[in-house]
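Here is the structure we will look at.
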Amino acid sequence: SLVAEFSTGGGTRVWIPDCLEVWKSAELTRSYEEGDGVLHLRLEDGSNWHLSSNPPPLPFLRNPDYLSGENDLVALSYLHEPAVLHTLRARFLETNTVYTYCGIILVAINPYKQLPIYEEPVIYAYSGQNMGDMDPHIFAVAEDAYKQMSRNDENQSLIISGESGAGKTASAKYAMRYFALVGGSLGDSSMEEKVLASSPIMEAFGNAKTTRNDNSSRFGKYVEICFSHEYRIVGAAMKTYLLEKSRLTFQVGPVRGRGCRTPAG
């Protein structure tokens with residue numbers, strides 16, 4: 001049980017909430033038994049910290065250090081919010097890694113700069129590989145979908161989701177680039193370029209300036225890429241387009257819509 005983890009004596013490491021760092025690491029200095037009213041902790045800076053309550057809320061346990069840079073969150077001994085945030089932070093700051101797996105889900109961090117991990121040699125390096133054989137990457141997810149389609153002759157879908165400025169549009173672009181290069185195209189021009197050529201038109205009235213992103217999409221779309229029996233790209237179509245009109249025509253606080261000019265609310 002969770003209580004048993006705290007009754008083994010001092011040295012147990014945990015996460016406690018912090019108003020500045022969100023989560024801060026601490027170490028248990030005394031054993032805790034069920035019914036005790038205080039947890040005795042020591043922060044990493046050496047200061048003592050006491051959590052008093054009856055009973056006190058037990059904090060989240062911290063994973064061993066050797067799991068700090070794990071490339072799959074499912075492999076963590078304790079999977080909770082501070083563990084996820086710490087792993088993503090460690091991978092991004094220590095190794096400049098923007099991708100991390102969570103099972104079949106790929107978690108991406110927007111570095112807000114160009115990284116040399118999307119060139120053709122990288123695409124060919126992931127081509128034919130099983131998901132998990134190489135470092136987490138959007139190309140690995142795209143390759144897995146392409147492989148499942150070609151092996152099982154079944155439709156595949158990639159769902160790209162995230163908050164404003166997370167990099168959804170860029171992720172979709174890299175996935176289509178992978179399909180265009182690995183799957184090939186029967187036309188003279190790149191199918192990726194044809195699909196992406198429609199983006200500026202939609203963004204002209206479907207984007208907005210926010211406090212976090214100067215060019216934030218206010219629409220969602222479903223792009224269908226069609227392949228031949230030889231699994232080469234033969235076409236693409238935008239099947240669904242959902243525009244969030246309410247977020248374009250009304251101004252809320254510092255958020256400014258670009259699509260329609262209305263009096264400030």
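Quick note on naming: the chains in the structure tokens go A, B, ... in the order shown, residues restart at 1 in each chain, and ligands are numbered from 1 in order of appearance.
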
Can you pull out the residues contacting region 87-104 of chain A? Cut-off 6 Å, using only C-alpha atoms, and skip same-chain residues under 4 positions away; I want them as a PyMOL selection string. chain A and resi 68-69+71-74+108-109+136-137

Print the selection's residues with N, CA and C atoms to a file, as a PDB file, in the first residue's frame.
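Okay, selection17.pdb is ready:
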ATOM      1  N   SER A  68      14.847   8.768 -14.682  1.00  0.00           N
ATOM      2  CA  SER A  68      14.609  10.184 -14.928  1.00  0.00           C
ATOM      3  C   SER A  68      14.484  10.503 -16.412  1.00  0.00           C
ATOM      4  N   GLY A  69      15.324   9.895 -17.244  1.00  0.00           N
ATOM      5  CA  GLY A  69      15.288  10.192 -18.668  1.00  0.00           C
ATOM      6  C   GLY A  69      14.659   9.103 -19.501  1.00  0.00           C
ATOM      7  N   ASN A  71      12.481   7.048 -21.966  1.00  0.00           N
ATOM      8  CA  ASN A  71      11.826   7.547 -23.176  1.00  0.00           C
ATOM      9  C   ASN A  71      10.386   7.079 -23.325  1.00  0.00           C
ATOM     10  N   ASP A  72       9.901   6.259 -22.369  1.00  0.00           N
ATOM     11  CA  ASP A  72       8.507   5.828 -22.380  1.00  0.00           C
ATOM     12  C   ASP A  72       7.956   5.993 -20.964  1.00  0.00           C
ATOM     13  N   LEU A  73       6.964   6.845 -20.812  1.00  0.00           N
ATOM     14  CA  LEU A  73       6.409   7.130 -19.496  1.00  0.00           C
ATOM     15  C   LEU A  73       5.779   5.900 -18.857  1.00  0.00           C
ATOM     16  N   VAL A  74       5.361   4.936 -19.666  1.00  0.00           N
ATOM     17  CA  VAL A  74       4.751   3.729 -19.126  1.00  0.00           C
ATOM     18  C   VAL A  74       5.754   2.935 -18.293  1.00  0.00           C
ATOM     19  N   ALA A 108       4.931  15.504 -27.390  1.00  0.00           N
ATOM     20  CA  ALA A 108       5.894  16.399 -28.029  1.00  0.00           C
ATOM     21  C   ALA A 108       5.939  17.729 -27.285  1.00  0.00           C
ATOM     22  N   ILE A 109       7.136  18.278 -27.148  1.00  0.00           N
ATOM     23  CA  ILE A 109       7.343  19.602 -26.564  1.00  0.00           C
ATOM     24  C   ILE A 109       7.823  20.532 -27.672  1.00  0.00           C
ATOM     25  N   PRO A 136      11.989   8.064 -29.644  1.00  0.00           N
ATOM     26  CA  PRO A 136      10.652   8.565 -29.975  1.00  0.00           C
ATOM     27  C   PRO A 136      10.712   9.685 -31.006  1.00  0.00           C
ATOM     28  N   HIS A 137       9.793   9.636 -31.966  1.00  0.00           N
ATOM     29  CA  HIS A 137       9.799  10.627 -33.043  1.00  0.00           C
ATOM     30  C   HIS A 137       8.455  10.579 -33.749  1.00  0.00           C
TER      31      HIS A 137
END

Env of Glu119 (chain A): 12 Å cut, atoms = only C-alpha atoms, seq-sep filter 4 positions within chain, self excluded. Answer as a ChimeraX atom specification. /A:114-115,123-126,139,174,177-178,181

At a cut-off of 8 Å, using only C-alpha atoms, what residues contact Phe219 (chain A)? Leave out same-chain residues fewer than 3 positions from it and give the result as a PyMOL selection string. chain A and resi 206-207+241-244

So which bits of region 53-175 of chain A end up alpha helix (DSSP H) when you DSSP the backbone, as a ChimeraX atom specification? /A:81-95,120-126,138-152,168-175

Report the distance between CA of Ser164 (chain A) and CA of Ser217 (chain A) in Å, rounded to one decimal place.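 These two atoms are separated by 7.5 Å.
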
Do you know which residues are at most 12 Å from Ile159 (chain A) counting only C-alpha atoms, after dropping those on the same chain fewer than 6 positions away, and could you put them as a list in words?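 Those residues are Ile104, Ile105, Leu106, Val107, Ile138, Val141, Ala142, Ala145, Lys168, Thr169, Ser171, Ala172, Ala175, Gly220, Lys221, Tyr222 and Val223 of chain A.
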
Calculated over only C-alpha atoms, which of the candidates A:Tyr231, A:Asp214, A:Lys173, A:Pro200 has the smallest distance to Lys147 (chain A)? A:Tyr231

Determine which residues of region 22-230 of chain A DSSP labels as strand (DSSP E or B) from the backbone of this structure, then write them out as a PyMOL selection string. chain A and resi 22-28+38-43+48-52+60-61+72+99-102+105-108+185+207-209+216-217+219-227
